[in-house]
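Structure file model26.json (JSON, N, CA and C atoms) follows.
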[["chain", "number", "residue", "atom", "x", "y", "z"],
["A", 1180, "LYS", "N", 19.10, 4.37, -1.57],
["A", 1180, "LYS", "CA", 17.76, 4.24, -1.03],
["A", 1180, "LYS", "C", 17.50, 2.76, -0.77],
["A", 1181, "THR", "N", 17.06, 2.43, 0.43],
["A", 1181, "THR", "CA", 16.85, 1.03, 0.77],
["A", 1181, "THR", "C", 15.39, 0.63, 0.85],
["A", 1182, "ARG", "N", 14.50, 1.58, 0.67],
["A", 1182, "ARG", "CA", 13.08, 1.26, 0.70],
["A", 1182, "ARG", "C", 12.33, 2.19, -0.23],
["A", 1183, "LEU", "N", 11.15, 1.75, -0.61],
["A", 1183, "LEU", "CA", 10.26, 2.60, -1.39],
["A", 1183, "LEU", "C", 8.84, 2.17, -1.10],
["A", 1184, "HIS", "N", 7.92, 3.04, -1.44],
["A", 1184, "HIS", "CA", 6.52, 2.69, -1.22],
["A", 1184, "HIS", "C", 5.75, 2.85, -2.51],
["A", 1185, "SER", "N", 4.64, 2.14, -2.53],
["A", 1185, "SER", "CA", 3.71, 2.27, -3.63],
["A", 1185, "SER", "C", 2.32, 2.33, -3.02],
["A", 1186, "SER", "N", 1.50, 3.25, -3.51],
["A", 1186, "SER", "CA", 0.16, 3.45, -2.96],
["A", 1186, "SER", "C", -0.89, 3.33, -4.05],
["A", 1187, "VAL", "N", -2.08, 2.98, -3.62],
["A", 1187, "VAL", "CA", -3.24, 2.99, -4.51],
["A", 1187, "VAL", "C", -4.38, 3.64, -3.74],
["A", 1188, "ARG", "N", -5.09, 4.50, -4.44],
["A", 1188, "ARG", "CA", -6.25, 5.19, -3.84],
["A", 1188, "ARG", "C", -7.46, 4.81, -4.66],
["A", 1189, "VAL", "N", -8.44, 4.24, -4.00],
["A", 1189, "VAL", "CA", -9.70, 3.89, -4.65],
["A", 1189, "VAL", "C", -10.82, 4.53, -3.83],
["A", 1190, "ASP", "N", -12.02, 4.46, -4.37],
["A", 1190, "ASP", "CA", -13.15, 5.04, -3.67],
["A", 1190, "ASP", "C", -13.26, 4.46, -2.26],
["A", 1191, "GLY", "N", -13.03, 5.27, -1.26],
["A", 1191, "GLY", "CA", -13.19, 4.86, 0.12],
["A", 1191, "GLY", "C", -11.93, 4.39, 0.84],
["A", 1192, "TRP", "N", -10.84, 4.16, 0.12],
["A", 1192, "TRP", "CA", -9.64, 3.60, 0.75],
["A", 1192, "TRP", "C", -8.35, 4.16, 0.15],
["A", 1193, "ARG", "N", -7.30, 4.16, 0.97],
["A", 1193, "ARG", "CA", -5.94, 4.35, 0.46],
["A", 1193, "ARG", "C", -5.07, 3.29, 1.10],
["A", 1194, "TYR", "N", -4.34, 2.57, 0.27],
["A", 1194, "TYR", "CA", -3.45, 1.49, 0.71],
["A", 1194, "TYR", "C", -2.04, 1.83, 0.28],
["A", 1195, "THR", "N", -1.08, 1.64, 1.18],
["A", 1195, "THR", "CA", 0.33, 1.85, 0.87],
["A", 1195, "THR", "C", 1.12, 0.66, 1.37],
["A", 1196, "CYS", "N", 2.06, 0.22, 0.57],
["A", 1196, "CYS", "CA", 2.96, -0.84, 0.99],
["A", 1196, "CYS", "C", 4.40, -0.33, 0.84],
["A", 1197, "TRP", "N", 5.17, -0.51, 1.91],
["A", 1197, "TRP", "CA", 6.58, -0.12, 1.92],
["A", 1197, "TRP", "C", 7.40, -1.38, 1.68],
["A", 1198, "PHE", "N", 8.26, -1.33, 0.66],
["A", 1198, "PHE", "CA", 9.09, -2.47, 0.28],
["A", 1198, "PHE", "C", 10.57, -2.18, 0.48],
["A", 1199, "ARG", "N", 11.33, -3.23, 0.75],
["A", 1199, "ARG", "CA", 12.79, -3.12, 0.65],
["A", 1199, "ARG", "C", 13.09, -2.93, -0.84],
["A", 1200, "PHE", "N", 14.25, -2.36, -1.12],
["A", 1200, "PHE", "CA", 14.59, -2.01, -2.49],
["A", 1200, "PHE", "C", 15.90, -2.67, -2.89],
["A", 1201, "ASN", "N", 15.92, -3.32, -4.03],
["A", 1201, "ASN", "CA", 17.13, -3.91, -4.57],
["A", 1201, "ASN", "C", 17.82, -2.86, -5.42],
["A", 1202, "GLY", "N", 18.86, -2.25, -4.85],
["A", 1202, "GLY", "CA", 19.56, -1.17, -5.54],
["A", 1202, "GLY", "C", 20.33, -1.61, -6.77],
["A", 1203, "HIS", "N", 20.69, -2.89, -6.84],
["A", 1203, "HIS", "CA", 21.43, -3.38, -8.01],
["A", 1203, "HIS", "C", 20.50, -3.55, -9.21],
["A", 1204, "LEU", "N", 19.32, -4.08, -8.97],
["A", 1204, "LEU", "CA", 18.37, -4.28, -10.06],
["A", 1204, "LEU", "C", 17.43, -3.09, -10.23],
["A", 1205, "ILE", "N", 17.46, -2.19, -9.26],
["A", 1205, "ILE", "CA", 16.62, -0.99, -9.25],
["A", 1205, "ILE", "C", 15.13, -1.37, -9.28],
["A", 1206, "VAL", "N", 14.75, -2.29, -8.41],
["A", 1206, "VAL", "CA", 13.36, -2.73, -8.29],
["A", 1206, "VAL", "C", 13.02, -2.98, -6.83],
["A", 1207, "PRO", "N", 11.75, -2.87, -6.47],
["A", 1207, "PRO", "CA", 11.34, -3.23, -5.12],
["A", 1207, "PRO", "C", 11.35, -4.75, -4.95],
["A", 1208, "ILE", "N", 11.59, -5.19, -3.72],
["A", 1208, "ILE", "CA", 11.52, -6.61, -3.39],
["A", 1208, "ILE", "C", 10.09, -6.87, -2.92],
["A", 1209, "THR", "N", 9.30, -7.53, -3.75],
["A", 1209, "THR", "CA", 7.87, -7.64, -3.50],
["A", 1209, "THR", "C", 7.46, -8.95, -2.81],
["A", 1210, "THR", "N", 8.43, -9.80, -2.48],
["A", 1210, "THR", "CA", 8.10, -11.00, -1.73],
["A", 1210, "THR", "C", 7.75, -10.62, -0.30],
["A", 1211, "ALA", "N", 7.18, -11.56, 0.44],
["A", 1211, "ALA", "CA", 6.74, -11.28, 1.82],
["A", 1211, "ALA", "C", 7.87, -10.73, 2.69],
["A", 1212, "ASP", "N", 9.09, -11.25, 2.51],
["A", 1212, "ASP", "CA", 10.20, -10.76, 3.33],
["A", 1212, "ASP", "C", 10.69, -9.39, 2.88],
["A", 1213, "GLY", "N", 10.21, -8.89, 1.75],
["A", 1213, "GLY", "CA", 10.57, -7.56, 1.29],
["A", 1213, "GLY", "C", 9.63, -6.47, 1.78],
["A", 1214, "ILE", "N", 8.51, -6.88, 2.37],
["A", 1214, "ILE", "CA", 7.54, -5.90, 2.87],
["A", 1214, "ILE", "C", 7.99, -5.38, 4.22],
["A", 1215, "ILE", "N", 8.16, -4.07, 4.32],
["A", 1215, "ILE", "CA", 8.57, -3.43, 5.57],
["A", 1215, "ILE", "C", 7.34, -3.06, 6.40],
["A", 1216, "ALA", "N", 6.37, -2.47, 5.77],
["A", 1216, "ALA", "CA", 5.16, -2.02, 6.46],
["A", 1216, "ALA", "C", 4.04, -1.84, 5.46],
["A", 1217, "ARG", "N", 2.80, -1.85, 5.98],
["A", 1217, "ARG", "CA", 1.64, -1.61, 5.13],
["A", 1217, "ARG", "C", 0.69, -0.68, 5.88],
["A", 1218, "GLU", "N", -0.08, 0.08, 5.11],
["A", 1218, "GLU", "CA", -1.04, 1.02, 5.68],
["A", 1218, "GLU", "C", -2.35, 0.93, 4.90],
["A", 1219, "LEU", "N", -3.46, 0.99, 5.61],
["A", 1219, "LEU", "CA", -4.77, 1.06, 4.98],
["A", 1219, "LEU", "C", -5.57, 2.10, 5.74],
["A", 1220, "TYR", "N", -6.06, 3.10, 5.02],
["A", 1220, "TYR", "CA", -6.84, 4.17, 5.63],
["A", 1220, "TYR", "C", -8.24, 4.19, 5.03],
["A", 1221, "ASP", "N", -9.21, 4.30, 5.91],
["A", 1221, "ASP", "CA", -10.62, 4.26, 5.55],
["A", 1221, "ASP", "C", -11.11, 5.67, 5.27],
["A", 1222, "HIS", "N", -11.47, 5.93, 4.01],
["A", 1222, "HIS", "CA", -11.97, 7.24, 3.60],
["A", 1222, "HIS", "C", -13.47, 7.23, 3.34],
["A", 1223, "ARG", "N", -14.12, 6.13, 3.68],
["A", 1223, "ARG", "CA", -15.57, 6.08, 3.45],
["A", 1223, "ARG", "C", -16.25, 7.08, 4.36],
["A", 1224, "GLU", "N", -17.17, 7.83, 3.82],
["A", 1224, "GLU", "CA", -17.86, 8.88, 4.60],
["A", 1224, "GLU", "C", -18.59, 8.32, 5.80],
["A", 1225, "ALA", "N", -19.12, 7.11, 5.69],
["A", 1225, "ALA", "CA", -19.90, 6.53, 6.77],
["A", 1225, "ALA", "C", -19.02, 5.97, 7.88],
["A", 1226, "SER", "N", -17.71, 5.93, 7.66],
["A", 1226, "SER", "CA", -16.81, 5.35, 8.64],
["A", 1226, "SER", "C", -16.58, 6.29, 9.81],
["A", 1227, "ALA", "N", -16.59, 5.73, 11.00],
["A", 1227, "ALA", "CA", -16.28, 6.51, 12.20],
["A", 1227, "ALA", "C", -14.81, 6.93, 12.20],
["A", 1228, "LEU", "N", -13.99, 6.24, 11.39],
["A", 1228, "LEU", "CA", -12.57, 6.55, 11.33],
["A", 1228, "LEU", "C", -12.25, 7.65, 10.32],
["A", 1229, "ALA", "N", -13.22, 8.01, 9.53],
["A", 1229, "ALA", "CA", -12.99, 9.03, 8.50],
["A", 1229, "ALA", "C", -12.98, 10.41, 9.15],
["A", 1230, "VAL", "N", -11.82, 11.01, 9.16],
["A", 1230, "VAL", "CA", -11.65, 12.35, 9.71],
["A", 1230, "VAL", "C", -11.78, 13.33, 8.55],
["A", 1231, "PRO", "N", -12.69, 14.30, 8.65],
["A", 1231, "PRO", "CA", -12.85, 15.25, 7.55],
["A", 1231, "PRO", "C", -11.51, 15.85, 7.13],
["A", 1232, "GLY", "N", -11.24, 15.78, 5.85],
["A", 1232, "GLY", "CA", -10.02, 16.37, 5.33],
["A", 1232, "GLY", "C", -8.85, 15.41, 5.25],
["A", 1233, "SER", "N", -8.89, 14.31, 5.98],
["A", 1233, "SER", "CA", -7.76, 13.38, 5.88],
["A", 1233, "SER", "C", -8.20, 11.93, 5.90],
["A", 1234, "GLY", "N", -8.85, 11.50, 6.97],
["A", 1234, "GLY", "CA", -9.23, 10.10, 7.08],
["A", 1234, "GLY", "C", -8.05, 9.20, 7.31],
["A", 1235, "GLU", "N", -6.90, 9.78, 7.59],
["A", 1235, "GLU", "CA", -5.70, 8.96, 7.70],
["A", 1235, "GLU", "C", -5.06, 9.07, 9.07],
["A", 1236, "THR", "N", -5.86, 8.88, 10.09],
["A", 1236, "THR", "CA", -5.32, 8.91, 11.44],
["A", 1236, "THR", "C", -5.24, 7.53, 12.06],
["A", 1237, "VAL", "N", -6.00, 6.58, 11.52],
["A", 1237, "VAL", "CA", -6.02, 5.23, 12.07],
["A", 1237, "VAL", "C", -5.69, 4.23, 10.95],
["A", 1238, "ASN", "N", -4.57, 3.55, 11.11],
["A", 1238, "ASN", "CA", -4.17, 2.54, 10.14],
["A", 1238, "ASN", "C", -4.92, 1.25, 10.46],
["A", 1239, "VAL", "N", -5.80, 0.81, 9.56],
["A", 1239, "VAL", "CA", -6.64, -0.36, 9.82],
["A", 1239, "VAL", "C", -6.17, -1.59, 9.04],
["A", 1240, "VAL", "N", -4.92, -1.60, 8.59],
["A", 1240, "VAL", "CA", -4.43, -2.70, 7.76],
["A", 1240, "VAL", "C", -4.46, -4.04, 8.50],
["A", 1241, "SER", "N", -4.35, -4.03, 9.81],
["A", 1241, "SER", "CA", -4.34, -5.28, 10.58],
["A", 1241, "SER", "C", -5.71, -5.75, 11.02],
["A", 1242, "ASP", "N", -6.73, -4.96, 10.77],
["A", 1242, "ASP", "CA", -8.08, -5.34, 11.18],
["A", 1242, "ASP", "C", -8.60, -6.46, 10.28],
["A", 1243, "ALA", "N", -8.98, -7.57, 10.89],
["A", 1243, "ALA", "CA", -9.44, -8.74, 10.13],
["A", 1243, "ALA", "C", -10.63, -8.41, 9.22],
["A", 1244, "GLU", "N", -11.46, -7.49, 9.63],
["A", 1244, "GLU", "CA", -12.63, -7.16, 8.82],
["A", 1244, "GLU", "C", -12.27, -6.51, 7.49],
["A", 1245, "HIS", "N", -11.03, -6.02, 7.36],
["A", 1245, "HIS", "CA", -10.60, -5.37, 6.12],
["A", 1245, "HIS", "C", -9.62, -6.22, 5.31],
["A", 1246, "ALA", "N", -9.49, -7.50, 5.68],
["A", 1246, "ALA", "CA", -8.51, -8.38, 5.02],
["A", 1246, "ALA", "C", -8.73, -8.47, 3.51],
["A", 1247, "SER", "N", -9.98, -8.53, 3.08],
["A", 1247, "SER", "CA", -10.23, -8.65, 1.64],
["A", 1247, "SER", "C", -9.87, -7.36, 0.90],
["A", 1248, "VAL", "N", -10.07, -6.21, 1.56],
["A", 1248, "VAL", "CA", -9.68, -4.92, 0.96],
["A", 1248, "VAL", "C", -8.16, -4.87, 0.82],
["A", 1249, "VAL", "N", -7.45, -5.28, 1.88],
["A", 1249, "VAL", "CA", -5.98, -5.29, 1.84],
["A", 1249, "VAL", "C", -5.50, -6.21, 0.72],
["A", 1250, "GLU", "N", -6.07, -7.39, 0.62],
["A", 1250, "GLU", "CA", -5.67, -8.34, -0.41],
["A", 1250, "GLU", "C", -5.88, -7.76, -1.82],
["A", 1251, "GLU", "N", -7.05, -7.18, -2.03],
["A", 1251, "GLU", "CA", -7.37, -6.61, -3.34],
["A", 1251, "GLU", "C", -6.44, -5.44, -3.70],
["A", 1252, "LEU", "N", -6.22, -4.55, -2.75],
["A", 1252, "LEU", "CA", -5.39, -3.37, -3.05],
["A", 1252, "LEU", "C", -3.91, -3.73, -3.13],
["A", 1253, "HIS", "N", -3.47, -4.72, -2.36],
["A", 1253, "HIS", "CA", -2.09, -5.17, -2.47],
["A", 1253, "HIS", "C", -1.85, -5.78, -3.86],
["A", 1254, "ALA", "N", -2.82, -6.54, -4.34],
["A", 1254, "ALA", "CA", -2.71, -7.11, -5.69],
["A", 1254, "ALA", "C", -2.63, -5.99, -6.74],
["A", 1255, "ALA", "N", -3.38, -4.90, -6.53],
["A", 1255, "ALA", "CA", -3.32, -3.77, -7.45],
["A", 1255, "ALA", "C", -1.94, -3.13, -7.44],
["A", 1256, "VAL", "N", -1.36, -2.97, -6.26],
["A", 1256, "VAL", "CA", -0.01, -2.40, -6.14],
["A", 1256, "VAL", "C", 0.99, -3.30, -6.86],
["A", 1257, "LEU", "N", 0.91, -4.61, -6.62],
["A", 1257, "LEU", "CA", 1.84, -5.54, -7.29],
["A", 1257, "LEU", "C", 1.65, -5.51, -8.80],
["A", 1258, "GLY", "N", 0.42, -5.39, -9.26],
["A", 1258, "GLY", "CA", 0.17, -5.29, -10.69],
["A", 1258, "GLY", "C", 0.83, -4.07, -11.30],
["A", 1259, "TYR", "N", 0.75, -2.96, -10.60],
["A", 1259, "TYR", "CA", 1.39, -1.73, -11.09],
["A", 1259, "TYR", "C", 2.91, -1.91, -11.13],
["A", 1260, "ILE", "N", 3.46, -2.51, -10.08],
["A", 1260, "ILE", "CA", 4.91, -2.72, -10.04],
["A", 1260, "ILE", "C", 5.35, -3.63, -11.17],
["A", 1261, "ARG", "N", 4.56, -4.63, -11.49],
["A", 1261, "ARG", "CA", 4.92, -5.52, -12.61],
["A", 1261, "ARG", "C", 4.90, -4.77, -13.94],
["A", 1262, "LEU", "N", 3.96, -3.85, -14.09],
["A", 1262, "LEU", "CA", 3.88, -3.05, -15.31],
["A", 1262, "LEU", "C", 5.03, -2.05, -15.40],
["A", 1263, "TYR", "N", 5.37, -1.44, -14.27],
["A", 1263, "TYR", "CA", 6.38, -0.39, -14.22],
["A", 1263, "TYR", "C", 7.38, -0.69, -13.12],
["A", 1264, "PRO", "N", 8.22, -1.72, -13.29],
["A", 1264, "PRO", "CA", 9.12, -2.16, -12.22],
["A", 1264, "PRO", "C", 10.13, -1.10, -11.77],
["A", 1265, "ASN", "N", 10.45, -0.16, -12.61],
["A", 1265, "ASN", "CA", 11.42, 0.87, -12.23],
["A", 1265, "ASN", "C", 10.74, 2.18, -11.87],
["A", 1266, "GLY", "N", 9.44, 2.12, -11.62],
["A", 1266, "GLY", "CA", 8.72, 3.30, -11.17],
["A", 1266, "GLY", "C", 8.19, 4.20, -12.27],
["A", 1267, "GLY", "N", 8.40, 3.85, -13.51],
["A", 1267, "GLY", "CA", 7.90, 4.66, -14.61],
["A", 1267, "GLY", "C", 6.40, 4.52, -14.72],
["A", 1268, "GLY", "N", 5.80, 5.34, -15.49],
["A", 1268, "GLY", "CA", 4.37, 5.17, -15.60],
["A", 1268, "GLY", "C", 3.70, 6.09, -16.54]]

Target encoding structure tokens, full file:
Amino acid sequence: KTRLHSSVRVDGWRYTCWFRFNGHLIVPITTADGIIARELYDHREASALAVPGSGETVNVVSDAEHASVVEELHAAVLGYIRLYPNGGG
């Protein structure tokens, strides 16, 4: 396996980061060059992007207005990976 993802779901948002995977150490590569892709989906009810039942049709990770949300949720993902580097939990 050469990649893995880690997601966090909080009230109103779901963030996922896809990382390259170091198969020898059995850990994700969490540096900037290890990030393959990122996703942020708006689940807030008031959002025009919130589709009933999913809310995950428009990836807003690149929208400047959501930069602080991305930063906060990415930090949460990295915190989880530091606690459970091999995916345990």

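Checking A:Arg1182, A:Arg1188, A:Ile1214, A:Glu1250 one by one against Phe1200 in chain A, counting only N, CA and C atoms, you find the shortest gap at A:Arg1182.
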
For the point (10.4, 0.1, 1.4) in file coordinates, what residues are within 12 Å, counting only C-alpha atoms? Give the answer as an mmCIF file with N, CA and C atoms, in the frame of the given file?
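selection-v5.cif written:
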data_model
loop_
_atom_site.group_PDB
_atom_site.id
_atom_site.type_symbol
_atom_site.label_atom_id
_atom_site.label_comp_id
_atom_site.auth_asym_id
_atom_site.auth_seq_id
_atom_site.Cartn_x
_atom_site.Cartn_y
_atom_site.Cartn_z
ATOM 1 N N LYS A 1180 19.100 4.370 -1.570
ATOM 2 C CA LYS A 1180 17.760 4.240 -1.030
ATOM 3 C C LYS A 1180 17.500 2.760 -0.770
ATOM 4 N N THR A 1181 17.060 2.430 0.430
ATOM 5 C CA THR A 1181 16.850 1.030 0.770
ATOM 6 C C THR A 1181 15.390 0.630 0.850
ATOM 7 N N ARG A 1182 14.500 1.580 0.670
ATOM 8 C CA ARG A 1182 13.080 1.260 0.700
ATOM 9 C C ARG A 1182 12.330 2.190 -0.230
ATOM 10 N N LEU A 1183 11.150 1.750 -0.610
ATOM 11 C CA LEU A 1183 10.260 2.600 -1.390
ATOM 12 C C LEU A 1183 8.840 2.170 -1.100
ATOM 13 N N HIS A 1184 7.920 3.040 -1.440
ATOM 14 C CA HIS A 1184 6.520 2.690 -1.220
ATOM 15 C C HIS A 1184 5.750 2.850 -2.510
ATOM 16 N N SER A 1185 4.640 2.140 -2.530
ATOM 17 C CA SER A 1185 3.710 2.270 -3.630
ATOM 18 C C SER A 1185 2.320 2.330 -3.020
ATOM 19 N N SER A 1186 1.500 3.250 -3.510
ATOM 20 C CA SER A 1186 0.160 3.450 -2.960
ATOM 21 C C SER A 1186 -0.890 3.330 -4.050
ATOM 22 N N THR A 1195 -1.080 1.640 1.180
ATOM 23 C CA THR A 1195 0.330 1.850 0.870
ATOM 24 C C THR A 1195 1.120 0.660 1.370
ATOM 25 N N CYS A 1196 2.060 0.220 0.570
ATOM 26 C CA CYS A 1196 2.960 -0.840 0.990
ATOM 27 C C CYS A 1196 4.400 -0.330 0.840
ATOM 28 N N TRP A 1197 5.170 -0.510 1.910
ATOM 29 C CA TRP A 1197 6.580 -0.120 1.920
ATOM 30 C C TRP A 1197 7.400 -1.380 1.680
ATOM 31 N N PHE A 1198 8.260 -1.330 0.660
ATOM 32 C CA PHE A 1198 9.090 -2.470 0.280
ATOM 33 C C PHE A 1198 10.570 -2.180 0.480
ATOM 34 N N ARG A 1199 11.330 -3.230 0.750
ATOM 35 C CA ARG A 1199 12.790 -3.120 0.650
ATOM 36 C C ARG A 1199 13.090 -2.930 -0.840
ATOM 37 N N PHE A 1200 14.250 -2.360 -1.120
ATOM 38 C CA PHE A 1200 14.590 -2.010 -2.490
ATOM 39 C C PHE A 1200 15.900 -2.670 -2.890
ATOM 40 N N ASN A 1201 15.920 -3.320 -4.030
ATOM 41 C CA ASN A 1201 17.130 -3.910 -4.570
ATOM 42 C C ASN A 1201 17.820 -2.860 -5.420
ATOM 43 N N GLY A 1202 18.860 -2.250 -4.850
ATOM 44 C CA GLY A 1202 19.560 -1.170 -5.540
ATOM 45 C C GLY A 1202 20.330 -1.610 -6.770
ATOM 46 N N VAL A 1206 14.750 -2.290 -8.410
ATOM 47 C CA VAL A 1206 13.360 -2.730 -8.290
ATOM 48 C C VAL A 1206 13.020 -2.980 -6.830
ATOM 49 N N PRO A 1207 11.750 -2.870 -6.470
ATOM 50 C CA PRO A 1207 11.340 -3.230 -5.120
ATOM 51 C C PRO A 1207 11.350 -4.750 -4.950
ATOM 52 N N ILE A 1208 11.590 -5.190 -3.720
ATOM 53 C CA ILE A 1208 11.520 -6.610 -3.390
ATOM 54 C C ILE A 1208 10.090 -6.870 -2.920
ATOM 55 N N THR A 1209 9.300 -7.530 -3.750
ATOM 56 C CA THR A 1209 7.870 -7.640 -3.500
ATOM 57 C C THR A 1209 7.460 -8.950 -2.810
ATOM 58 N N THR A 1210 8.430 -9.800 -2.480
ATOM 59 C CA THR A 1210 8.100 -11.000 -1.730
ATOM 60 C C THR A 1210 7.750 -10.620 -0.300
ATOM 61 N N ALA A 1211 7.180 -11.560 0.440
ATOM 62 C CA ALA A 1211 6.740 -11.280 1.820
ATOM 63 C C ALA A 1211 7.870 -10.730 2.690
ATOM 64 N N ASP A 1212 9.090 -11.250 2.510
ATOM 65 C CA ASP A 1212 10.200 -10.760 3.330
ATOM 66 C C ASP A 1212 10.690 -9.390 2.880
ATOM 67 N N GLY A 1213 10.210 -8.890 1.750
ATOM 68 C CA GLY A 1213 10.570 -7.560 1.290
ATOM 69 C C GLY A 1213 9.630 -6.470 1.780
ATOM 70 N N ILE A 1214 8.510 -6.880 2.370
ATOM 71 C CA ILE A 1214 7.540 -5.900 2.870
ATOM 72 C C ILE A 1214 7.990 -5.380 4.220
ATOM 73 N N ILE A 1215 8.160 -4.070 4.320
ATOM 74 C CA ILE A 1215 8.570 -3.430 5.570
ATOM 75 C C ILE A 1215 7.340 -3.060 6.400
ATOM 76 N N ALA A 1216 6.370 -2.470 5.770
ATOM 77 C CA ALA A 1216 5.160 -2.020 6.460
ATOM 78 C C ALA A 1216 4.040 -1.840 5.460
ATOM 79 N N ARG A 1217 2.800 -1.850 5.980
ATOM 80 C CA ARG A 1217 1.640 -1.610 5.130
ATOM 81 C C ARG A 1217 0.690 -0.680 5.880
#

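Straight-line separation from CA of Thr1236 in chain A to atom C of Ala1254 in chain A: 23.7 Å.
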
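Put simply, CA of Trp1192 in chain A is 6.9 Å away from CA of Leu1219 in chain A.
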
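Coordinates place atom N of Tyr1220 in chain A at a distance of 4.7 Å from CA of Arg1193 in chain A.
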
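With all atoms listed in the file as the atoms that count, the residue of A:Gly1258, A:Glu1235, A:Glu1251, A:Ala1243 with the shortest distance to His1222 in chain A is A:Glu1235.
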
Inset, instruction - Please return as a VMD selection string: the residues of range 1202-1261 of chain A that backbone DSSP assigns to strand (DSSP E). - result: chain A and resid 1206 to 1208 1214 to 1221

Deliver the residues from the most recent selection as a file, using N, CA and C atoms, as an mmCIF file, in the frame of the given file.
data_model
loop_
_atom_site.group_PDB
_atom_site.id
_atom_site.type_symbol
_atom_site.label_atom_id
_atom_site.label_comp_id
_atom_site.auth_asym_id
_atom_site.auth_seq_id
_atom_site.Cartn_x
_atom_site.Cartn_y
_atom_site.Cartn_z
ATOM 1 N N VAL A 1206 14.750 -2.290 -8.410
ATOM 2 C CA VAL A 1206 13.360 -2.730 -8.290
ATOM 3 C C VAL A 1206 13.020 -2.980 -6.830
ATOM 4 N N PRO A 1207 11.750 -2.870 -6.470
ATOM 5 C CA PRO A 1207 11.340 -3.230 -5.120
ATOM 6 C C PRO A 1207 11.350 -4.750 -4.950
ATOM 7 N N ILE A 1208 11.590 -5.190 -3.720
ATOM 8 C CA ILE A 1208 11.520 -6.610 -3.390
ATOM 9 C C ILE A 1208 10.090 -6.870 -2.920
ATOM 10 N N ILE A 1214 8.510 -6.880 2.370
ATOM 11 C CA ILE A 1214 7.540 -5.900 2.870
ATOM 12 C C ILE A 1214 7.990 -5.380 4.220
ATOM 13 N N ILE A 1215 8.160 -4.070 4.320
ATOM 14 C CA ILE A 1215 8.570 -3.430 5.570
ATOM 15 C C ILE A 1215 7.340 -3.060 6.400
ATOM 16 N N ALA A 1216 6.370 -2.470 5.770
ATOM 17 C CA ALA A 1216 5.160 -2.020 6.460
ATOM 18 C C ALA A 1216 4.040 -1.840 5.460
ATOM 19 N N ARG A 1217 2.800 -1.850 5.980
ATOM 20 C CA ARG A 1217 1.640 -1.610 5.130
ATOM 21 C C ARG A 1217 0.690 -0.680 5.880
ATOM 22 N N GLU A 1218 -0.080 0.080 5.110
ATOM 23 C CA GLU A 1218 -1.040 1.020 5.680
ATOM 24 C C GLU A 1218 -2.350 0.930 4.900
ATOM 25 N N LEU A 1219 -3.460 0.990 5.610
ATOM 26 C CA LEU A 1219 -4.770 1.060 4.980
ATOM 27 C C LEU A 1219 -5.570 2.100 5.740
ATOM 28 N N TYR A 1220 -6.060 3.100 5.020
ATOM 29 C CA TYR A 1220 -6.840 4.170 5.630
ATOM 30 C C TYR A 1220 -8.240 4.190 5.030
ATOM 31 N N ASP A 1221 -9.210 4.300 5.910
ATOM 32 C CA ASP A 1221 -10.620 4.260 5.550
ATOM 33 C C ASP A 1221 -11.110 5.670 5.270
#

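Of the listed residues (A:Val1189, A:Tyr1194, A:Leu1204, A:Leu1262), A:Tyr1194 comes nearest to Ala1246 in chain A; the distances count only C-alpha atoms.
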
Build an axis-aligned box that encloses every atom of range 1200-1215 of chain A listed in the file, pad it by 8 Å on each side, and report its centre and edge lengths in Å to one decimal, as AutoDock Vina command-line options.
--center_x 14.1 --center_y -6.3 --center_z -1.9 --size_x 30.7 --size_y 26.6 --size_z 32.6

Mind writing range 1244-1252 of chain A to a file for me, with N, CA, C and O atoms, as a JSON list (two decimals), in the first residue's frame?
[["chain", "number", "residue", "atom", "x", "y", "z"],
["A", 1244, "GLU", "N", -11.66, 31.07, 1.97],
["A", 1244, "GLU", "CA", -12.52, 31.38, 3.12],
["A", 1244, "GLU", "C", -12.55, 30.26, 4.15],
["A", 1244, "GLU", "O", -12.97, 30.47, 5.29],
["A", 1245, "HIS", "N", -12.10, 29.06, 3.77],
["A", 1245, "HIS", "CA", -12.10, 27.92, 4.70],
["A", 1245, "HIS", "C", -10.70, 27.54, 5.17],
["A", 1245, "HIS", "O", -10.51, 26.49, 5.78],
["A", 1246, "ALA", "N", -9.72, 28.41, 4.91],
["A", 1246, "ALA", "CA", -8.32, 28.10, 5.25],
["A", 1246, "ALA", "C", -8.14, 27.80, 6.74],
["A", 1246, "ALA", "O", -7.40, 26.87, 7.11],
["A", 1247, "SER", "N", -8.81, 28.53, 7.60],
["A", 1247, "SER", "CA", -8.64, 28.30, 9.04],
["A", 1247, "SER", "C", -9.25, 26.97, 9.46],
["A", 1247, "SER", "O", -8.73, 26.28, 10.34],
["A", 1248, "VAL", "N", -10.35, 26.57, 8.81],
["A", 1248, "VAL", "CA", -10.97, 25.26, 9.09],
["A", 1248, "VAL", "C", -10.02, 24.15, 8.67],
["A", 1248, "VAL", "O", -9.79, 23.19, 9.41],
["A", 1249, "VAL", "N", -9.44, 24.29, 7.47],
["A", 1249, "VAL", "CA", -8.48, 23.29, 6.96],
["A", 1249, "VAL", "C", -7.30, 23.19, 7.92],
["A", 1249, "VAL", "O", -6.88, 22.08, 8.28],
["A", 1250, "GLU", "N", -6.76, 24.31, 8.33],
["A", 1250, "GLU", "CA", -5.61, 24.31, 9.24],
["A", 1250, "GLU", "C", -5.94, 23.61, 10.56],
["A", 1250, "GLU", "O", -5.17, 22.77, 11.04],
["A", 1251, "GLU", "N", -7.09, 23.94, 11.12],
["A", 1251, "GLU", "CA", -7.50, 23.34, 12.40],
["A", 1251, "GLU", "C", -7.71, 21.83, 12.27],
["A", 1251, "GLU", "O", -7.25, 21.04, 13.11],
["A", 1252, "LEU", "N", -8.41, 21.41, 11.23],
["A", 1252, "LEU", "CA", -8.71, 19.99, 11.08],
["A", 1252, "LEU", "C", -7.48, 19.19, 10.65],
["A", 1252, "LEU", "O", -7.33, 18.03, 11.03]]
